[in-house]
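Colleague: Sharing structure-v9.txt below, compact mmCIF, C-alpha atoms:
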```
# COMPACT_ATOMS: atom_id res chain seq x y z
CA MET A 268 -95.42 -27.85 -12.43
CA PRO A 269 -96.97 -27.19 -15.84
CA ARG A 270 -100.70 -27.69 -16.26
CA SER A 271 -101.93 -30.24 -18.82
CA GLU A 272 -105.23 -29.96 -20.65
CA GLN A 273 -106.64 -32.51 -23.08
CA LEU A 274 -108.48 -31.09 -26.07
CA ARG A 275 -110.03 -32.17 -29.34
CA PHE A 276 -110.49 -30.34 -32.63
CA HIS A 277 -111.95 -31.02 -36.06
CA VAL A 278 -109.88 -31.29 -39.23
CA GLU A 279 -111.56 -30.22 -42.44
CA GLY A 280 -111.95 -33.23 -44.72
CA ALA A 281 -111.17 -35.65 -41.91
CA ALA A 282 -112.31 -36.45 -38.37
CA GLU A 283 -111.67 -35.08 -34.91
CA VAL A 284 -108.25 -35.54 -33.38
CA CYS A 285 -106.95 -35.17 -29.85
CA ALA A 286 -104.44 -32.66 -28.53
CA LEU A 287 -102.58 -31.89 -25.32
CA LEU A 288 -101.79 -28.41 -24.05
CA VAL A 289 -98.92 -28.28 -21.53
CA ARG A 290 -98.51 -24.82 -20.04
CA ALA A 291 -96.64 -23.50 -17.03
CA LYS A 292 -97.59 -20.20 -15.42
CA SER A 293 -94.25 -18.79 -16.53
CA ALA A 294 -94.83 -19.58 -20.23
CA ARG A 295 -93.82 -16.83 -22.66
CA TRP A 296 -94.46 -18.73 -25.91
CA LEU A 297 -96.70 -21.50 -27.21
CA LEU A 298 -95.22 -24.04 -29.65
CA VAL A 299 -97.74 -25.97 -31.77
CA LEU A 300 -95.81 -29.24 -31.98
CA ALA A 301 -96.51 -31.99 -34.54
CA HIS A 302 -95.29 -35.57 -34.25
CA GLY A 303 -93.22 -37.52 -36.77
CA ALA A 304 -94.47 -40.11 -39.24
CA GLY A 305 -93.99 -43.21 -37.10
CA ALA A 306 -95.03 -42.19 -33.59
CA GLY A 307 -97.77 -40.03 -32.08
CA MET A 308 -97.86 -37.11 -29.70
CA THR A 309 -97.31 -39.26 -26.59
CA HIS A 310 -94.04 -40.80 -27.77
CA PRO A 311 -91.35 -40.42 -25.08
CA PHE A 312 -89.37 -38.01 -27.26
CA MET A 313 -92.40 -35.73 -27.58
CA GLU A 314 -93.18 -36.00 -23.87
CA ASN A 315 -89.62 -35.30 -22.76
CA LEU A 316 -89.14 -32.48 -25.24
CA SER A 317 -92.36 -30.86 -24.05
CA ASN A 318 -91.15 -31.01 -20.45
CA GLU A 319 -87.79 -29.47 -21.33
CA LEU A 320 -89.45 -26.70 -23.33
CA SER A 321 -91.88 -25.99 -20.49
CA ALA A 322 -88.97 -25.53 -18.10
CA ARG A 323 -87.66 -22.82 -20.42
CA GLY A 324 -90.85 -20.84 -20.82
CA ILE A 325 -92.31 -22.52 -23.89
CA ALA A 326 -95.74 -24.12 -23.57
CA THR A 327 -96.59 -26.83 -26.08
CA PHE A 328 -99.73 -27.83 -27.95
CA ARG A 329 -99.17 -31.39 -29.17
CA TYR A 330 -101.69 -33.07 -31.44
CA GLN A 331 -102.39 -36.15 -33.52
CA PHE A 332 -102.67 -36.36 -37.28
CA PRO A 333 -105.86 -38.21 -38.34
CA TYR A 334 -104.07 -41.39 -39.44
CA MET A 335 -102.32 -41.68 -36.08
CA GLU A 336 -105.56 -40.97 -34.24
CA GLN A 337 -107.20 -43.82 -36.16
CA GLN A 338 -104.20 -46.12 -35.60
CA ARG A 339 -103.35 -46.38 -39.28
CA ARG A 340 -99.75 -46.84 -40.36
CA VAL A 341 -99.77 -44.85 -43.59
CA PRO A 342 -99.79 -41.06 -43.20
CA ASP A 343 -102.67 -39.04 -44.57
CA PRO A 344 -102.38 -37.24 -47.93
CA PRO A 345 -100.47 -33.93 -47.71
CA ALA A 346 -103.66 -31.89 -48.01
CA ILE A 347 -105.07 -33.53 -44.86
CA LEU A 348 -101.76 -33.18 -43.01
CA THR A 349 -101.48 -29.46 -43.74
CA ALA A 350 -105.16 -28.94 -42.92
CA THR A 351 -104.48 -30.58 -39.55
CA VAL A 352 -101.58 -28.21 -38.91
CA ALA A 353 -103.71 -25.18 -39.74
CA ALA A 354 -106.57 -26.40 -37.52
CA ALA A 355 -104.14 -27.12 -34.68
CA VAL A 356 -102.73 -23.59 -34.85
CA GLN A 357 -106.20 -22.05 -34.70
CA THR A 358 -107.21 -24.29 -31.79
CA ALA A 359 -103.99 -23.53 -29.90
CA LYS A 360 -104.48 -19.81 -30.41
CA LYS A 361 -107.91 -20.01 -28.77
CA ALA A 362 -106.73 -22.36 -26.01
CA ALA A 363 -103.90 -20.06 -24.88
CA PRO A 364 -104.81 -16.50 -25.87
CA GLY A 365 -102.10 -13.96 -25.25
CA LEU A 366 -99.15 -16.26 -25.89
CA PRO A 367 -97.21 -15.62 -29.10
CA LEU A 368 -97.19 -18.67 -31.36
CA LEU A 369 -94.46 -20.85 -32.78
CA ALA A 370 -95.14 -23.98 -34.82
CA GLY A 371 -93.15 -26.95 -35.99
CA GLY A 372 -92.52 -30.56 -35.20
CA LYS A 373 -90.45 -33.69 -35.34
CA SER A 374 -89.41 -34.79 -38.84
CA MET A 375 -92.55 -35.10 -41.00
CA GLY A 376 -94.50 -32.96 -38.55
CA GLY A 377 -92.06 -30.12 -39.07
CA ARG A 378 -92.09 -30.49 -42.85
CA MET A 379 -95.89 -30.47 -42.97
CA THR A 380 -95.90 -27.38 -40.77
CA SER A 381 -93.59 -25.63 -43.21
CA GLN A 382 -95.83 -26.75 -46.08
CA ALA A 383 -98.80 -25.20 -44.32
CA ALA A 384 -96.84 -22.00 -43.71
CA SER A 385 -95.85 -21.83 -47.39
CA GLN A 386 -99.56 -21.89 -48.24
CA HIS A 387 -100.12 -18.87 -45.97
CA SER A 388 -102.51 -20.66 -43.63
CA LEU A 389 -100.49 -19.97 -40.45
CA ASP A 390 -100.80 -16.18 -40.34
CA SER A 391 -100.62 -15.94 -36.53
CA VAL A 392 -97.36 -17.93 -36.21
CA GLN A 393 -94.16 -15.96 -35.64
CA GLY A 394 -91.59 -18.69 -36.33
CA LEU A 395 -91.12 -22.35 -37.28
CA VAL A 396 -89.03 -24.95 -35.44
CA PHE A 397 -87.86 -28.16 -37.12
CA PHE A 398 -86.63 -30.98 -34.89
CA GLY A 399 -84.83 -32.94 -37.61
CA PHE A 400 -86.05 -31.59 -40.96
CA PRO A 401 -86.44 -34.59 -43.33
CA LEU A 402 -84.74 -33.11 -46.39
CA HIS A 403 -84.68 -36.44 -48.22
CA PRO A 404 -85.20 -40.17 -47.61
CA PRO A 405 -82.18 -42.12 -46.29
CA LYS A 406 -79.61 -42.94 -49.00
CA ARG A 407 -81.55 -40.81 -51.52
CA PRO A 408 -79.98 -37.36 -51.15
CA GLY A 409 -81.77 -34.42 -52.72
CA THR A 410 -83.33 -31.05 -51.97
CA LYS A 411 -86.73 -31.34 -53.65
CA ARG A 412 -88.48 -31.38 -50.26
CA ALA A 413 -87.03 -27.94 -49.51
CA GLY A 414 -88.48 -26.21 -52.56
CA HIS A 415 -91.48 -24.78 -50.73
CA LEU A 416 -89.34 -23.15 -48.03
CA ALA A 417 -88.68 -20.18 -50.30
CA LYS A 418 -92.35 -19.28 -49.86
CA VAL A 419 -92.12 -19.23 -46.05
CA THR A 420 -91.79 -15.62 -44.93
CA ILE A 421 -91.20 -16.09 -41.18
CA PRO A 422 -88.03 -17.16 -39.28
CA MET A 423 -87.15 -20.86 -39.25
CA LEU A 424 -84.96 -22.83 -36.83
CA PHE A 425 -83.41 -26.07 -38.10
CA LEU A 426 -82.17 -28.39 -35.32
CA GLN A 427 -80.16 -31.10 -37.00
CA GLY A 428 -77.84 -33.93 -35.99
CA THR A 429 -74.61 -34.72 -37.81
CA ARG A 430 -75.65 -38.40 -38.16
CA ASP A 431 -79.14 -37.66 -39.45
CA THR A 432 -79.61 -39.86 -42.54
CA PHE A 433 -82.66 -37.81 -43.54
CA ALA A 434 -80.62 -34.64 -44.08
CA ASP A 435 -77.16 -34.53 -45.58
CA LEU A 436 -75.66 -31.40 -44.03
CA ASN A 437 -73.74 -30.76 -47.24
CA LEU A 438 -77.16 -30.24 -48.83
CA LEU A 439 -78.97 -28.63 -45.90
CA ARG A 440 -76.36 -25.94 -45.28
CA PRO A 441 -76.77 -24.42 -48.78
CA VAL A 442 -80.57 -24.62 -48.45
CA CYS A 443 -80.41 -22.59 -45.23
CA ALA A 444 -77.88 -20.16 -46.72
CA GLU A 445 -80.23 -19.51 -49.63
CA LEU A 446 -83.05 -18.70 -47.21
CA GLY A 447 -80.85 -15.97 -45.74
CA GLN A 448 -81.69 -14.40 -42.40
CA ARG A 449 -84.96 -16.32 -42.20
CA ALA A 450 -83.08 -19.57 -41.47
CA THR A 451 -81.02 -20.53 -38.43
CA LEU A 452 -79.22 -23.89 -38.51
CA HIS A 453 -78.15 -25.41 -35.20
CA ILE A 454 -76.07 -28.58 -35.53
CA ILE A 455 -75.84 -31.21 -32.80
CA GLU A 456 -72.70 -33.30 -32.98
CA SER A 457 -73.15 -37.10 -33.29
CA ALA A 458 -76.99 -36.93 -33.05
CA ASP A 459 -79.04 -39.07 -35.43
CA HIS A 460 -82.55 -38.41 -36.75
CA SER A 461 -84.06 -39.41 -33.39
CA PHE A 462 -81.50 -37.27 -31.56
CA HIS A 463 -79.77 -40.26 -30.06
CA ILE A 464 -76.05 -39.67 -29.74
CA LEU A 465 -72.95 -41.84 -29.64
CA LYS A 466 -71.64 -42.97 -26.26
CA SER A 467 -68.23 -41.73 -27.33
CA SER A 468 -69.58 -38.18 -27.24
CA LYS A 469 -69.65 -38.40 -23.43
CA ARG A 470 -73.11 -36.85 -23.46
CA SER A 471 -76.56 -38.34 -22.94
CA ASP A 472 -79.82 -38.15 -24.87
CA ALA A 473 -81.14 -36.06 -21.97
CA ASP A 474 -78.33 -33.57 -22.60
CA VAL A 475 -79.43 -33.32 -26.21
CA LEU A 476 -83.06 -32.70 -25.24
CA ARG A 477 -81.92 -29.86 -23.00
CA GLU A 478 -79.87 -28.44 -25.86
CA LEU A 479 -82.88 -28.59 -28.18
CA ALA A 480 -85.06 -26.76 -25.66
CA GLU A 481 -82.44 -24.18 -24.72
CA THR A 482 -81.66 -23.42 -28.34
CA THR A 483 -85.35 -23.06 -29.18
CA ALA A 484 -85.94 -20.71 -26.24
CA SER A 485 -82.92 -18.54 -27.09
CA TRP A 486 -83.92 -18.35 -30.75
CA ALA A 487 -87.50 -17.42 -29.82
CA GLU A 488 -86.25 -14.47 -27.79
CA THR A 489 -84.17 -13.25 -30.74
CA ILE A 490 -87.11 -13.27 -33.14
CA ALA A 491 -89.24 -11.47 -30.54
CA LYS A 492 -86.83 -8.54 -30.85
CA GLN A 493 -87.07 -8.38 -34.63
```
How does the structure come out when it is put into C-alpha cells?

Modeller:
Amino acid sequence: MPRSEQLRFHVEGAAEVCALLVRAKSARWLLVLAHGAGAGMTHPFMENLSNELSARGIATFRYQFPYMEQQRRVPDPPAILTATVAAAVQTAKKAAPGLPLLAGGKSMGGRMTSQAASQHSLDSVQGLVFFGFPLHPPKRPGTKRAGHLAKVTIPMLFLQGTRDTFADLNLLRPVCAELGQRATLHIIESADHSFHILKSSKRSDADVLRELAETTASWAETIAKQ
C-alpha cells in the first residue's frame, strides 16, 4: 500500500496551502498534480487517479490552490496560480528527494502548470502531463490559451477525450503537431472533459482511469530514455 503524508507549504503573495504526498515503495517518478477549477485535491477523480498512478510506479504530490484552500469559488489570479505551482514543485522535490519529477494537472491545473513552465520556474521538472487540457471555453473554440506552449521546452503529454467540450480536437491536433516531438497526444474515445464515457462504449470510468495511468507511466519511461 502507498504511504500518505499530509504537508503544507507557503505560496508567495498568498497564504499556506495543504498538500498530500502519496508514495509507494516501488515509485519511480513523482507527479506534482494540480486540481481543476471547480474541485480540490480530494475530489474522487483526483483520489482515484492518484491510486491508479501509484499502482504503476508514479507517486503523486497533490495540492490546493489558495482559493480552494480558503473555500472561495473564483480562482486566484494567474500570477498566484503559477506561483502555487512553482512552490508545489519545490516542496515536492524536498519531500521526495531522488525521484525524478513530472508536473501537470486536471484541466485548469494542467494549464497553470504549463504557464509556470513557460516562465521557466519549473527547472527540475522533466515532463508535463495534462489530464484534459482546456484549450478554450465550451462553445467558444480557439487556440489563444495554447500560445505559451511554444515556450515550454520539456516533453508534454496531452490526455484528451473525444467529447471534451473544452478542446476541439480539430484545433488541438494542429497545436500538438506544431510543438513537434515535445508533444504527445493520446485520445480517449467517447470521454468527456471529466473523463466520463458513454455506456455504449462498453467500458467504464474505471477503465479510463487505468488507461490514463498506464499511458502516463509508459510515456514517462520514454522520456527517461531521451

Colleague: Taking 4 positions as the minimum chain separation for residues in the same chain, which residues sit within 7 Å of A:Arg323 when counting only C-alpha atoms? Answer as a ChimeraX atom specification.

Modeller: /A:319,481,484

Colleague: Taking into account all atoms listed in the file, which residue in the set A:Leu426, A:Arg407, A:Leu446, A:Gly371 is nearest to A:Val475?

Modeller: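 Selected residue with least distance to A:Val475: A:Leu426.
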
Colleague: With all atoms listed in the file as the basis for distance, which of A:Val289, A:Ile421, A:Met335, A:Lys360 is at the shortest distance from A:Asn315?

Modeller: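 Comparing A:Val289, A:Ile421, A:Met335, A:Lys360 against A:Asn315, the winner is A:Val289.
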
Colleague: Restrict the calculation to only C-alpha atoms, then for each residue of stretch 322-391 of chain A with any atom at most 10 Å from an atom of stretch 413-418 of chain A give the closest atom pair and their distance in Å to one decimal, rows by chain and rising residue number, as CSV.

Modeller:
```
residue,atom,partner,partner_atom,distance
A:Arg378,CA,A:Ala413,CA,8.7
A:Ser381,CA,A:Leu416,CA,6.9
A:Gln382,CA,A:His415,CA,6.7
A:Ala383,CA,A:His415,CA,9.7
A:Ala384,CA,A:Lys418,CA,8.1
A:Ser385,CA,A:Lys418,CA,5.0
A:Gln386,CA,A:Lys418,CA,7.8
A:His387,CA,A:Lys418,CA,8.7
```

Colleague: I'd like to know which of A:Met375, A:Leu402, A:Ala370, A:Leu452 is closest to A:Ala304, using all atoms listed in the file.

Modeller: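 Smallest distance to A:Ala304 is found for A:Met375.
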
Colleague: The residues within 8 Å of (-91.6, -32.6, -38.1), using only C-alpha atoms and the coordinates of the file, should be reported as JSON, numbers by chain; which are they?

Modeller: {"A": [301, 302, 303, 371, 372, 373, 374, 375, 376, 377, 378, 379, 380, 397, 398, 399, 400, 401]}

Colleague: Give me a file of those residues, with C-alpha atoms, as a PDB file, keeping the file's coordinate frame.

Modeller:
```
ATOM      1  CA  ALA A 301     -96.510 -31.990 -34.540  1.00  0.00           C
ATOM      2  CA  HIS A 302     -95.290 -35.570 -34.250  1.00  0.00           C
ATOM      3  CA  GLY A 303     -93.220 -37.520 -36.770  1.00  0.00           C
ATOM      4  CA  GLY A 371     -93.150 -26.950 -35.990  1.00  0.00           C
ATOM      5  CA  GLY A 372     -92.520 -30.560 -35.200  1.00  0.00           C
ATOM      6  CA  LYS A 373     -90.450 -33.690 -35.340  1.00  0.00           C
ATOM      7  CA  SER A 374     -89.410 -34.790 -38.840  1.00  0.00           C
ATOM      8  CA  MET A 375     -92.550 -35.100 -41.000  1.00  0.00           C
ATOM      9  CA  GLY A 376     -94.500 -32.960 -38.550  1.00  0.00           C
ATOM     10  CA  GLY A 377     -92.060 -30.120 -39.070  1.00  0.00           C
ATOM     11  CA  ARG A 378     -92.090 -30.490 -42.850  1.00  0.00           C
ATOM     12  CA  MET A 379     -95.890 -30.470 -42.970  1.00  0.00           C
ATOM     13  CA  THR A 380     -95.900 -27.380 -40.770  1.00  0.00           C
ATOM     14  CA  PHE A 397     -87.860 -28.160 -37.120  1.00  0.00           C
ATOM     15  CA  PHE A 398     -86.630 -30.980 -34.890  1.00  0.00           C
ATOM     16  CA  GLY A 399     -84.830 -32.940 -37.610  1.00  0.00           C
ATOM     17  CA  PHE A 400     -86.050 -31.590 -40.960  1.00  0.00           C
ATOM     18  CA  PRO A 401     -86.440 -34.590 -43.330  1.00  0.00           C
TER      19      PRO A 401
END
```

Colleague: So, counting only C-alpha atoms, which residue among A:Ser271, A:Thr410, A:Thr351, A:Gln393 is closest to A:Glu336?

Modeller: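 Closest to A:Glu336, using only C-alpha atoms: A:Thr351.
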
Colleague: Enter the distance from atom CA of A:Thr483 to atom CA of A:Pro344, in Å, rounded to one decimal.

Modeller: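 Atom CA of A:Thr483 sits 29.0 Å away from atom CA of A:Pro344.
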
Colleague: Quick check, in Å to one decimal: how far apart do atom CA of A:Pro333 and atom CA of A:His277 lie?

Modeller: 9.7 Å

Colleague: For A:Leu297, please output as a list in words all residues within 6 Å (counting only C-alpha atoms; exclusion window: fewer than 6 positions along the same chain).

Modeller: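 Here the qualifying residues turn out to be Ile325, Ala326, Thr327, Leu366 and Leu368 of chain A.
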
Colleague: Next, dump the selected residues to file, keeping only C-alpha atoms, as a PDB file, in the frame of the given file.

Modeller:
```pdb
ATOM      1  CA  ILE A 325     -92.310 -22.520 -23.890  1.00  0.00           C
ATOM      2  CA  ALA A 326     -95.740 -24.120 -23.570  1.00  0.00           C
ATOM      3  CA  THR A 327     -96.590 -26.830 -26.080  1.00  0.00           C
ATOM      4  CA  LEU A 366     -99.150 -16.260 -25.890  1.00  0.00           C
ATOM      5  CA  LEU A 368     -97.190 -18.670 -31.360  1.00  0.00           C
TER       6      LEU A 368
END
```

Colleague: Starting from the point (-93.9, -46.8, -40.8), work out which residues of protein, DNA or RNA have an atom no more than 7 Å away when counting only C-alpha atoms; state them as a short mmCIF file (atom, residue, chain, number, x, y, z; two decimals) with C-alpha atoms, in the coordinates of the input.

Modeller:
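So out-v3.cif came out as:
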```
data_model
loop_
_atom_site.label_atom_id
_atom_site.label_comp_id
_atom_site.auth_asym_id
_atom_site.auth_seq_id
_atom_site.Cartn_x
_atom_site.Cartn_y
_atom_site.Cartn_z
CA ALA A 304 -94.47 -40.11 -39.24
CA GLY A 305 -93.99 -43.21 -37.10
CA ARG A 340 -99.75 -46.84 -40.36
CA VAL A 341 -99.77 -44.85 -43.59
#
```

Colleague: Under the rule that all atoms listed in the file are counted, which of A:Leu287, A:Leu300, A:Met423, A:Val356 is the nearest residue to A:Ala444?

Modeller: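 Looking only at the distances to A:Ala444, the closest residue turns out to be A:Met423.
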
Colleague: Quick check, in Å to one decimal: how far apart do atom CA of A:Glu456 and atom CA of A:Asp431 lie?

Modeller: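 Spanning atom CA of A:Glu456 to atom CA of A:Asp431 is a straight-line distance of 10.1 Å.
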
Colleague: Please provide as a ChimeraX atom specification all residues within 12 Å of A:Ala473, with the sequence filter that same-chain residues fewer than 2 positions apart are discarded (counting only C-alpha atoms).

Modeller: /A:311-312,315-316,318-319,458,462-464,469-471,475-480

Colleague: May I ask which of the residues A:Cys443, A:Leu274, A:Met268, A:Met313 is the closest one to A:Ser293, counting only C-alpha atoms?

Modeller: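 Checking each of A:Cys443, A:Leu274, A:Met268, A:Met313 against A:Ser293, counting only C-alpha atoms, the winner is A:Met268.
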
Colleague: Return the padded bounding box of stretch 285-296 of chain A as lines of an AutoDock Vina configuration file: axis-aligned, built from all atoms listed in the file, 4 Å added on each side, with centre and edge lengths in Å to one decimal.

Modeller:
```
center_x = -100.4
center_y = -26.0
center_z = -22.6
size_x = 21.1
size_y = 26.3
size_z = 22.4
```
